[in-house]
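Quick look at coords_25.tsv (TSV, C-alpha atoms):
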```
chain	number	residue	atom	x	y	z
F	6	MET	CA	10.05	-38.68	-4.59
F	7	LYS	CA	11.25	-35.50	-2.90
F	8	ILE	CA	9.83	-33.53	0.04
F	9	GLY	CA	10.52	-29.81	0.60
F	10	LEU	CA	10.46	-28.19	4.06
F	11	PRO	CA	11.23	-24.58	5.06
F	12	ALA	CA	14.29	-24.41	7.33
F	13	ASN	CA	16.27	-21.73	9.11
F	14	SER	CA	19.43	-23.80	9.50
F	15	THR	CA	21.10	-26.62	7.60
F	16	ASP	CA	20.73	-29.01	10.54
F	17	VAL	CA	18.12	-31.76	9.97
F	18	ASN	CA	17.40	-31.70	13.72
F	19	SER	CA	16.66	-27.97	13.82
F	20	PRO	CA	13.01	-26.87	14.10
F	21	ILE	CA	11.00	-26.44	10.90
F	22	SER	CA	10.79	-22.72	9.97
F	23	ASP	CA	7.55	-21.05	10.97
F	24	ASN	CA	7.51	-19.07	7.72
F	25	PHE	CA	7.52	-20.53	4.21
F	26	GLY	CA	8.40	-17.66	1.87
F	27	ARG	CA	11.07	-16.12	4.05
F	28	ALA	CA	12.70	-19.26	5.42
F	29	LEU	CA	16.48	-19.11	4.97
F	30	TYR	CA	16.74	-22.61	3.42
F	31	TYR	CA	14.63	-25.41	2.08
F	32	MET	CA	15.45	-28.93	3.11
F	33	ILE	CA	14.91	-31.28	0.18
F	34	TYR	CA	14.55	-34.88	1.33
F	35	ASP	CA	14.57	-37.77	-1.11
F	36	VAL	CA	12.26	-40.50	0.19
F	37	GLU	CA	13.83	-43.31	-1.88
F	38	SER	CA	17.52	-42.60	-1.29
F	39	GLU	CA	16.91	-41.00	2.15
F	40	GLU	CA	19.36	-38.30	1.11
F	41	THR	CA	18.99	-34.73	2.35
F	42	ARG	CA	20.20	-31.51	0.83
F	43	PHE	CA	19.63	-27.85	1.66
F	44	GLU	CA	18.87	-25.14	-0.88
F	45	LYS	CA	19.47	-21.51	0.07
F	46	ASN	CA	16.32	-19.40	-0.29
F	47	THR	CA	17.38	-16.53	-2.51
F	48	ALA	CA	13.94	-14.97	-2.01
F	49	ALA	CA	14.28	-14.66	1.79
F	50	MET	CA	15.24	-10.99	1.65
F	51	SER	CA	12.99	-9.95	-1.27
F	52	GLN	CA	10.95	-6.81	-0.73
F	53	GLY	CA	7.87	-8.41	-2.14
F	54	GLY	CA	6.74	-11.58	-3.85
F	55	ALA	CA	9.02	-13.72	-1.66
F	56	GLY	CA	6.43	-16.49	-1.55
F	57	ILE	CA	6.33	-16.75	-5.35
F	58	LYS	CA	10.08	-16.93	-5.80
F	59	ALA	CA	10.47	-19.30	-2.86
F	60	ALA	CA	7.78	-21.60	-4.21
F	61	GLN	CA	9.49	-21.48	-7.61
F	62	LEU	CA	12.67	-22.67	-5.93
F	63	VAL	CA	10.86	-25.60	-4.37
F	64	VAL	CA	9.13	-26.44	-7.68
F	65	ASP	CA	12.54	-26.40	-9.39
F	66	SER	CA	13.93	-28.80	-6.76
F	67	GLU	CA	11.40	-31.30	-8.12
F	68	ALA	CA	9.74	-31.78	-4.74
F	69	LYS	CA	6.27	-33.31	-5.03
F	70	ILE	CA	5.41	-32.82	-1.36
F	71	VAL	CA	5.77	-29.70	0.79
F	72	ILE	CA	5.49	-29.74	4.57
F	73	THR	CA	5.04	-26.31	6.13
F	74	PRO	CA	3.29	-24.74	9.14
F	75	GLN	CA	1.64	-22.14	6.91
F	76	LEU	CA	1.58	-20.76	3.39
F	77	GLY	CA	0.67	-17.49	1.70
F	78	GLU	CA	-1.80	-17.21	-1.15
F	79	ASN	CA	0.79	-16.61	-3.89
F	80	ALA	CA	3.10	-19.42	-2.81
F	81	PHE	CA	0.08	-21.69	-2.57
F	82	ASN	CA	-0.93	-20.84	-6.14
F	83	VAL	CA	2.54	-21.66	-7.45
F	84	LEU	CA	2.81	-24.97	-5.56
F	85	ASN	CA	-0.75	-25.91	-6.39
F	86	SER	CA	-0.26	-25.22	-10.11
F	87	ALA	CA	2.78	-27.46	-10.00
F	88	LYS	CA	0.54	-30.15	-8.45
F	89	ILE	CA	2.61	-30.29	-5.27
F	90	GLU	CA	0.79	-31.76	-2.26
F	91	ILE	CA	0.98	-29.52	0.78
F	92	TYR	CA	0.92	-30.93	4.32
F	93	LYS	CA	0.69	-29.03	7.59
F	94	SER	CA	3.74	-29.54	9.79
F	95	GLU	CA	3.66	-30.43	13.47
F	96	LYS	CA	5.89	-28.94	16.18
F	97	GLY	CA	9.34	-30.46	16.04
F	98	SER	CA	12.41	-30.73	13.88
F	99	LEU	CA	12.66	-31.02	10.12
F	100	MET	CA	13.41	-34.74	10.43
F	101	ASP	CA	10.55	-35.26	12.92
F	102	ASN	CA	8.19	-33.93	10.28
F	103	VAL	CA	9.63	-36.19	7.58
F	104	ARG	CA	9.03	-39.17	9.91
F	105	LEU	CA	5.49	-38.03	10.69
F	106	TYR	CA	4.78	-37.74	6.97
F	107	LYS	CA	6.15	-41.21	6.29
F	108	ASP	CA	3.96	-42.59	9.10
F	109	GLY	CA	0.91	-40.91	7.58
F	110	GLN	CA	0.52	-38.66	10.62
F	111	LEU	CA	0.34	-35.30	8.82
F	112	GLN	CA	-2.84	-33.62	7.54
F	113	LEU	CA	-3.17	-31.68	4.29
F	114	LEU	CA	-2.83	-27.91	4.89
F	115	ALA	CA	-6.35	-26.52	5.10
F	116	ASN	CA	-5.80	-22.80	5.46
F	117	ILE	CA	-3.74	-20.32	3.51
F	118	HIS	CA	-3.20	-16.72	4.59
F	119	LYS	CA	-3.66	-13.67	2.39
F	120	GLY	CA	-0.06	-12.55	2.70
F	121	ARG	CA	1.61	-10.09	5.00
F	122	HIS	CA	2.72	-6.59	4.18
R	12	MET	CA	-1.32	27.32	-5.54
R	13	LYS	CA	-1.39	23.73	-4.36
R	14	ILE	CA	-1.99	22.91	-0.70
R	15	ALA	CA	-1.53	19.34	0.52
R	16	VAL	CA	-3.23	18.24	3.73
R	17	LEU	CA	-1.60	15.29	5.39
R	18	SER	CA	-1.19	13.52	8.71
R	19	GLY	CA	0.74	10.49	9.82
R	20	LYS	CA	-2.15	8.92	11.61
R	21	GLY	CA	-5.55	8.29	10.06
R	22	GLY	CA	-8.61	9.92	11.59
R	23	THR	CA	-6.93	13.15	12.69
R	24	GLY	CA	-9.13	15.32	10.48
R	25	LYS	CA	-7.42	15.58	7.08
R	26	THR	CA	-10.65	15.45	5.13
R	27	PHE	CA	-12.36	17.78	7.61
R	28	VAL	CA	-9.62	20.38	7.11
R	29	ALA	CA	-9.23	19.85	3.35
R	30	SER	CA	-12.95	19.96	2.53
R	31	ASN	CA	-13.53	23.08	4.62
R	32	ILE	CA	-10.59	24.91	3.04
R	33	ALA	CA	-11.87	23.99	-0.42
R	34	ALA	CA	-15.35	25.26	0.46
R	35	ILE	CA	-14.08	28.77	1.29
R	36	ALA	CA	-11.38	28.94	-1.40
R	37	GLY	CA	-13.65	30.18	-4.17
R	38	LYS	CA	-12.94	28.49	-7.48
R	39	SER	CA	-10.87	25.48	-6.52
R	40	VAL	CA	-9.99	21.88	-7.26
R	41	TYR	CA	-10.12	19.24	-4.54
R	42	LEU	CA	-8.05	16.12	-5.20
R	43	ASP	CA	-9.02	13.18	-3.02
R	44	CYS	CA	-5.79	11.16	-3.03
R	45	ASP	CA	-6.92	8.98	-0.11
R	46	ILE	CA	-7.53	6.26	-2.68
R	47	GLU	CA	-8.18	3.42	-0.26
R	48	GLU	CA	-11.06	5.27	1.34
R	49	PRO	CA	-11.84	8.51	-0.51
R	50	ASN	CA	-14.50	10.43	1.40
R	51	GLY	CA	-14.22	14.11	0.45
R	52	HIS	CA	-17.47	13.70	-1.50
R	53	LEU	CA	-19.35	13.08	1.74
R	54	PHE	CA	-18.89	16.82	2.41
R	55	LEU	CA	-18.40	18.29	-1.06
R	56	LYS	CA	-21.51	16.59	-2.38
R	57	GLY	CA	-22.56	16.15	-5.96
R	58	PRO	CA	-23.41	13.47	-8.48
R	59	VAL	CA	-20.56	11.86	-10.39
R	60	ILE	CA	-20.34	13.72	-13.70
R	61	LYS	CA	-17.38	11.84	-15.15
R	62	GLU	CA	-15.64	8.56	-14.47
R	63	THR	CA	-12.23	7.59	-15.87
R	64	ASP	CA	-10.70	4.13	-15.54
R	65	VAL	CA	-7.14	3.84	-14.25
R	66	ASN	CA	-5.25	0.95	-15.83
R	67	LEU	CA	-1.84	-0.57	-15.40
R	68	PRO	CA	-0.02	-2.43	-18.18
R	69	MET	CA	0.49	-6.11	-17.34
R	70	PRO	CA	2.67	-8.64	-19.16
R	71	LYS	CA	0.84	-11.15	-21.30
R	72	ILE	CA	2.75	-14.24	-22.35
R	73	ASP	CA	2.39	-15.84	-25.76
R	74	HIS	CA	2.96	-19.45	-24.75
R	75	ASP	CA	3.56	-20.51	-28.35
R	76	LEU	CA	6.48	-18.08	-28.69
R	77	CYS	CA	7.88	-18.65	-25.17
R	78	ASP	CA	10.73	-21.16	-25.18
R	79	GLY	CA	10.98	-21.30	-21.38
R	80	CYS	CA	14.37	-19.57	-21.04
R	81	ARG	CA	13.19	-17.96	-17.78
R	82	LYS	CA	15.06	-14.72	-18.36
R	83	CYS	CA	11.90	-12.81	-17.40
R	84	VAL	CA	11.48	-14.78	-14.15
R	85	ASP	CA	15.07	-14.07	-13.15
R	86	PHE	CA	14.81	-10.42	-14.16
R	87	CYS	CA	11.64	-9.51	-12.26
R	88	ALA	CA	12.71	-7.62	-9.13
R	89	PHE	CA	9.25	-8.07	-7.64
R	90	ASN	CA	9.01	-11.83	-8.20
R	91	ALA	CA	5.78	-11.37	-10.14
R	92	LEU	CA	6.59	-14.15	-12.61
R	93	ALA	CA	6.90	-17.87	-11.99
R	94	MET	CA	7.64	-20.82	-14.24
R	95	ILE	CA	5.32	-23.67	-13.41
R	96	SER	CA	5.02	-26.83	-15.47
R	97	GLU	CA	7.01	-25.17	-18.26
R	98	LYS	CA	4.60	-22.23	-18.41
R	99	ILE	CA	5.12	-18.66	-17.22
R	100	THR	CA	2.47	-17.46	-14.77
R	101	VAL	CA	1.99	-13.74	-14.08
R	102	PHE	CA	1.03	-12.63	-10.56
R	103	GLU	CA	-0.73	-9.43	-11.54
R	104	LYS	CA	-1.10	-7.83	-8.13
R	105	ILE	CA	2.61	-8.25	-7.44
R	106	CYS	CA	3.60	-6.78	-10.85
R	107	HIS	CA	4.79	-3.14	-10.74
R	108	SER	CA	4.30	-2.59	-14.50
R	109	CYS	CA	7.95	-1.75	-15.13
R	110	GLY	CA	7.84	-3.43	-18.54
R	111	GLY	CA	11.28	-4.99	-18.05
R	112	CYS	CA	10.18	-8.54	-18.82
R	113	LYS	CA	8.84	-7.41	-22.19
R	114	ILE	CA	12.16	-5.77	-23.06
R	115	ILE	CA	14.30	-8.67	-21.88
R	116	CYS	CA	12.36	-11.50	-23.60
R	117	PRO	CA	14.55	-12.83	-26.47
R	118	GLN	CA	11.53	-14.50	-28.10
R	119	LYS	CA	9.36	-11.34	-28.06
R	120	ALA	CA	6.75	-13.50	-26.39
R	121	ILE	CA	5.62	-10.79	-23.96
R	122	THR	CA	3.18	-8.00	-24.78
R	123	GLU	CA	1.39	-5.68	-22.37
R	124	VAL	CA	-2.33	-5.49	-21.75
R	125	ASP	CA	-4.20	-3.02	-19.55
R	126	ARG	CA	-5.65	-4.13	-16.25
R	127	LYS	CA	-8.03	-1.82	-14.38
R	128	ILE	CA	-6.88	-1.02	-10.82
R	129	GLY	CA	-9.25	1.82	-10.03
R	130	LYS	CA	-10.97	4.94	-11.30
R	131	ILE	CA	-11.21	8.69	-10.95
R	132	GLU	CA	-14.64	10.14	-10.18
R	133	GLU	CA	-15.40	13.79	-10.87
R	134	ARG	CA	-18.03	15.86	-9.09
R	135	ILE	CA	-18.88	19.53	-8.76
R	136	TYR	CA	-19.83	21.17	-5.47
R	137	LYS	CA	-20.60	24.88	-5.83
R	138	GLU	CA	-17.25	26.35	-6.98
R	139	VAL	CA	-15.23	23.23	-6.14
R	140	GLU	CA	-14.23	20.67	-8.76
R	141	LEU	CA	-13.81	17.41	-6.90
R	142	ARG	CA	-11.70	14.57	-8.30
R	143	SER	CA	-11.61	11.39	-6.24
R	144	GLY	CA	-9.19	8.52	-6.74
R	145	VAL	CA	-10.81	5.17	-6.05
R	146	MET	CA	-8.63	2.06	-5.86
R	147	THR	CA	-10.37	-1.24	-6.50
R	148	PRO	CA	-10.54	-3.22	-3.22
R	149	GLY	CA	-7.88	-5.94	-3.13
R	150	GLU	CA	-5.37	-3.97	-5.20
R	151	GLN	CA	-2.02	-3.37	-3.54
R	152	SER	CA	-0.53	-0.42	-5.33
R	153	GLY	CA	-2.44	2.71	-6.30
R	154	THR	CA	0.29	5.22	-7.00
R	155	LYS	CA	-0.76	5.38	-10.67
R	156	ILE	CA	-4.17	6.71	-9.58
R	157	ILE	CA	-2.49	9.46	-7.55
R	158	ASP	CA	-0.10	10.29	-10.39
R	159	MET	CA	-3.09	10.78	-12.69
R	160	LEU	CA	-4.82	13.03	-10.15
R	161	ILE	CA	-1.69	15.15	-9.69
R	162	ASP	CA	-1.12	15.32	-13.46
R	163	SER	CA	-4.64	16.63	-13.92
R	164	VAL	CA	-3.76	19.87	-12.05
R	165	LYS	CA	-0.40	20.49	-13.68
R	166	ASP	CA	-1.47	23.79	-15.23
R	167	GLU	CA	-4.34	24.58	-12.85
R	168	GLN	CA	-4.68	28.29	-12.05
R	169	ASN	CA	-7.23	27.96	-9.24
R	170	THR	CA	-6.38	26.83	-5.73
R	171	VAL	CA	-5.80	23.08	-5.47
R	172	ILE	CA	-6.42	21.24	-2.20
R	173	ILE	CA	-4.87	17.77	-1.99
R	174	ASP	CA	-6.38	15.42	0.58
R	175	CYS	CA	-3.55	12.92	1.12
R	176	PRO	CA	-3.68	9.30	2.25
R	177	PRO	CA	-2.67	8.71	5.87
R	178	GLY	CA	0.86	7.62	6.70
R	179	SER	CA	4.14	8.63	5.09
R	180	ALA	CA	4.59	5.99	2.37
R	181	CYS	CA	4.91	6.24	-1.45
R	182	THR	CA	1.32	7.32	-1.98
R	183	VAL	CA	1.82	10.31	0.36
R	184	MET	CA	5.11	11.26	-1.31
R	185	ASP	CA	3.38	11.18	-4.70
R	186	SER	CA	0.57	13.33	-3.34
R	187	ILE	CA	2.79	16.11	-1.96
R	188	GLU	CA	5.44	16.16	-4.68
R	189	ASP	CA	3.99	19.17	-6.53
R	190	ALA	CA	2.52	20.91	-3.47
R	191	ASP	CA	3.48	24.50	-2.67
R	192	TYR	CA	2.51	24.13	0.97
R	193	CYS	CA	1.83	21.24	3.35
R	194	ILE	CA	-0.66	21.41	6.18
R	195	LEU	CA	-0.08	18.70	8.78
R	196	VAL	CA	-3.13	17.81	10.85
R	197	ALA	CA	-2.41	16.36	14.28
R	198	GLU	CA	-4.52	15.17	17.18
R	199	PRO	CA	-3.63	15.47	20.86
R	200	THR	CA	-2.54	11.89	21.50
R	201	THR	CA	0.83	10.18	21.95
R	202	PHE	CA	0.15	8.05	18.88
R	203	GLY	CA	-0.82	11.20	16.94
R	204	ALA	CA	2.40	12.97	17.97
R	205	HIS	CA	4.50	9.95	16.99
R	206	ASN	CA	3.07	9.87	13.49
R	207	LEU	CA	3.19	13.65	13.24
R	208	LYS	CA	6.97	13.37	13.68
R	209	MET	CA	7.11	10.98	10.72
R	210	VAL	CA	5.24	13.25	8.30
R	211	HIS	CA	7.11	16.26	9.62
R	212	LYS	CA	10.34	14.50	8.69
R	213	LEU	CA	8.85	13.71	5.28
R	214	VAL	CA	7.92	17.33	4.44
R	215	GLN	CA	11.39	18.41	5.53
R	216	ILE	CA	12.97	15.86	3.18
R	217	PHE	CA	10.78	17.27	0.38
R	218	ASP	CA	11.72	20.78	1.50
R	219	LYS	CA	8.09	21.95	1.62
R	220	PRO	CA	6.88	25.01	3.51
R	221	HIS	CA	4.59	23.64	6.18
R	222	GLY	CA	2.54	24.36	9.26
R	223	ILE	CA	0.45	22.39	11.70
R	224	ILE	CA	-3.20	22.32	12.61
R	225	LEU	CA	-3.85	20.96	16.07
R	226	ASN	CA	-7.25	19.35	15.77
R	227	LYS	CA	-9.55	18.18	18.56
R	228	SER	CA	-7.71	20.31	21.13
R	229	ASP	CA	-9.36	19.92	24.52
R	230	GLY	CA	-6.97	22.06	26.54
R	231	SER	CA	-5.35	19.14	28.32
R	232	HIS	CA	-1.81	17.84	27.74
R	233	ASN	CA	-1.15	17.75	23.99
R	234	PRO	CA	1.94	15.77	22.89
R	235	SER	CA	1.53	17.05	19.31
R	236	LYS	CA	1.55	20.68	20.50
R	237	GLN	CA	4.60	19.97	22.63
R	238	TYR	CA	6.36	18.56	19.54
R	239	CYS	CA	5.59	21.76	17.60
R	240	LEU	CA	6.86	23.96	20.43
R	241	ASP	CA	10.01	21.89	20.90
R	242	ASN	CA	10.80	22.02	17.18
R	243	SER	CA	9.60	25.56	16.42
R	244	ILE	CA	7.03	24.38	13.90
R	245	PRO	CA	4.41	27.03	13.11
R	246	ILE	CA	0.98	26.22	14.54
R	247	LEU	CA	-1.50	27.50	11.97
R	248	LEU	CA	-4.67	26.78	13.86
R	249	GLU	CA	-5.90	25.08	16.99
R	250	ILE	CA	-9.36	23.64	16.43
R	251	PRO	CA	-11.18	23.05	19.70
R	252	TRP	CA	-12.70	19.71	20.62
R	253	ARG	CA	-16.39	20.52	20.31
R	254	ARG	CA	-19.36	18.22	20.20
R	255	ASP	CA	-21.12	20.32	17.55
R	256	ILE	CA	-18.13	20.00	15.18
R	257	SER	CA	-18.25	16.21	15.33
R	258	ASP	CA	-22.02	16.45	14.76
R	259	PHE	CA	-21.42	18.48	11.57
R	260	ILE	CA	-18.99	15.83	10.38
R	261	ALA	CA	-21.31	12.95	11.25
R	262	ASP	CA	-24.09	14.70	9.31
R	263	GLY	CA	-21.83	15.27	6.29
R	264	LYS	CA	-21.98	19.04	6.72
R	265	LEU	CA	-19.23	21.57	6.16
R	266	ALA	CA	-18.28	23.36	9.38
R	267	VAL	CA	-17.56	26.59	7.47
R	268	GLU	CA	-21.16	26.64	6.27
R	269	MET	CA	-22.60	25.86	9.70
R	270	ASP	CA	-20.55	27.99	12.06
R	271	PRO	CA	-19.44	31.60	11.42
R	272	GLU	CA	-16.58	31.33	13.90
R	273	LEU	CA	-15.09	28.30	12.11
R	274	ASN	CA	-15.69	30.02	8.77
R	275	LYS	CA	-13.55	32.93	9.97
R	276	MET	CA	-10.88	30.55	11.28
R	277	PHE	CA	-10.56	28.71	7.97
R	278	LYS	CA	-10.58	31.95	5.94
R	279	SER	CA	-7.71	33.41	7.93
R	280	LEU	CA	-5.91	30.08	7.68
R	281	LEU	CA	-6.13	30.14	3.90
R	282	ASP	CA	-5.06	33.82	3.77
R	283	HIS	CA	-2.06	32.99	5.94
R	284	VAL	CA	-1.01	30.06	3.73
R	285	LYS	CA	-1.43	32.19	0.59
R	286	GLU	CA	0.82	34.86	2.08
R	287	GLU	CA	3.48	32.30	2.93
R	288	VAL	CA	3.44	30.85	-0.56
R	289	GLN	CA	3.25	34.16	-2.44
R	290	PRO	CA	4.90	36.76	-0.20
```
Rendering of file as structure tokens:
Amino acid sequence: MKIGLPANSTDVNSPISDNFGRALYYMIYDVESEETRFEKNTAAMSQGGAGIKAAQLVVDSEAKIVITPQLGENAFNVLNSAKIEIYKSEKGSLMDNVRLYKDGQLQLLANIHKGRH
Amino acid sequence: MKIAVLSGKGGTGKTFVASNIAAIAGKSVYLDCDIEEPNGHLFLKGPVIKETDVNLPMPKIDHDLCDGCRKCVDFCAFNALAMISEKITVFEKICHSCGGCKIICPQKAITEVDRKIGKIEERIYKEVELRSGVMTPGEQSGTKIIDMLIDSVKDEQNTVIIDCPPGSACTVMDSIEDADYCILVAEPTTFGAHNLKMVHKLVQIFDKPHGIILNKSDGSHNPSKQYCLDNSIPILLEIPWRRDISDFIADGKLAVEMDPELNKMFKSLLDHVKEEVQP
């Protein structure tokens, strides 16, 4: 099973990105093999609809879990339709959040925002 | 003749100026292009005599024909399409109705259906025909509503007053495109002067004859006036800050019908603009 996290650098010890749709990369972590790869977010510089395209990218990576500090309405709709579980991240690095998830320390994301313009 | 009334900042008095000009212009058409909050009808009162829906074409996917090639998803510059669980989903409020996905689909699985984004309400007040654009709350793009309003006066012989949305974005550009003259309304604040600069730049880009109305002038330091003086922009009118004027507005009354002095001011303003447009 794979986990997707928004990232602004390709270093697993860098902080999780505070924005989902416009993060520069997504870290895709495979729970079984413990392998990590980074996908470039081609939506990061989109004028509009970044959340949709970004969520599509994560759906296509076959992640079943997303860990993010926040999420816009459109991205939420895409991830939700793809039956991806969304958890709220805690302060810390990408890898810290993977560990917290594995330890069952993360909560499901309760709030989504209406998007920013 | 078409006169657009605009301002960078909201609340400077666009509708106040536009509705009062329309009221003394004889036979005229008032276009309320402030589609997020049209309020010209609070002054130019009358029952709605006609209502027209404004629709945008939206892609509709025939899931039986779609083979999941994703060409439409990759094509959409606005990211309005997503492929989830082997099914295309349309994000209607993100869609700009360009129709590209329909053209590009090799399976001809995309057709277009209308989606209502707002309406145009028509009213009559004395000699003024009022057309108000109303965007449905929650919609993100209302330029189609403004385009329809502007189209409706293409061959209009009477004076047209265009009450623009605030700011200097696409909706304002659409509103002033066909205007013969632009009146910029500014208030005496630093914020007001800052946004005045932005619309002033805009009317220069569009190469429109223009002048400024300094509204709510209280005689103290006026950054907007200073901007006009520094840049040699004609000041058409300086409307004093008066309690009774704000009372007229709060009561939904037209200043030109309540106060002979203001009536004279607005009449000479309109004469001046007419002279500039048709020398």
Where's the centre, and what are the edge lengths in Å to one decimal, of a box along x, y and z enclosing all listed atoms of range 20-33 of chain R padded 4 Å per side, as JSON?
```
{"center_x": -7.8, "center_y": 16.6, "center_z": 6.1, "size_x": 19.4, "size_y": 24.6, "size_z": 21.1}
```
Item to complete: Give as a PyMOL selection string every residue of chain R that touches chain F within 9 Å, counting all atoms listed in the file.
Response: chain R and resi 84+88-96+100+102+105
Practice prompt. Excluding Asp262 in chain R and any residue of its chain fewer than 4 positions from it, enumerate the residues within 9 Å of it, using all atoms listed in the file, and give them as a ChimeraX atom specification.
Written response: /R:54,257-258
Discussion item. Would you compute the distance between CA of Ile223 in chain R and CA of Pro176 in chain R? Give it in Å to one decimal.
Written reply: 16.7 Å
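Taking CA of Asp45 in chain R and CA of Asp174 in chain R as endpoints, the distance between them is 6.5 Å.
When all atoms listed in the file are used to compute distances to Lys127 in chain R, the closest of the residues R:Met69, R:Ile157, R:Val139, R:Ala180 turns out to be R:Met69.
Checking F:His118, F:Ile89, F:Thr15, F:Pro20 one by one against Gly77 in chain F, counting only C-alpha atoms, you find the shortest gap at F:His118.
Interatomic distance, CA of Gly178 in chain R against CA of Leu76 in chain F: 28.6 Å.
Of the residues listed (R:Gly263, R:Gly110, R:Gly19, R:Gly153), R:Gly19 shows the shortest atom-to-atom separation from Glu198 in chain R; distances use only C-alpha atoms.
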Item to complete: Determine, counting all atoms listed in the file, which protein, DNA and RNA residues have an atom within 10 Å of an atom of range 110-117 of chain F; residues of the same chain fewer than 4 positions away are not included. Present the result as a list in words.
Response: Val71, Ile72, Thr73, Pro74, Gln75, Leu76, Gly77, Glu78, Asn79, Ala80, Phe81, Glu90, Ile91, Tyr92, Lys93, Ser94, Glu95, Asn102, Val103, Arg104, Leu105 and Tyr106 of chain F
Worksheet item: Pick the closest to Lys113 in chain R from R:His74, R:Lys82, R:His232, R:Arg253: which is it, counting only C-alpha atoms?
Response: R:Lys82
Worksheet item: For the point (-2.0, 3.7, -7.6) in file coordinates, what residues are within 9 Å, counting all atoms listed in the file? Give the answer as a list in words?
Response: Ile46, Val65, Leu67, Ile128, Gly129, Gly144, Met146, Glu150, Gln151, Ser152, Gly153, Thr154, Lys155, Ile156, Ile157, Asp158, Met159 and Thr182 of chain R
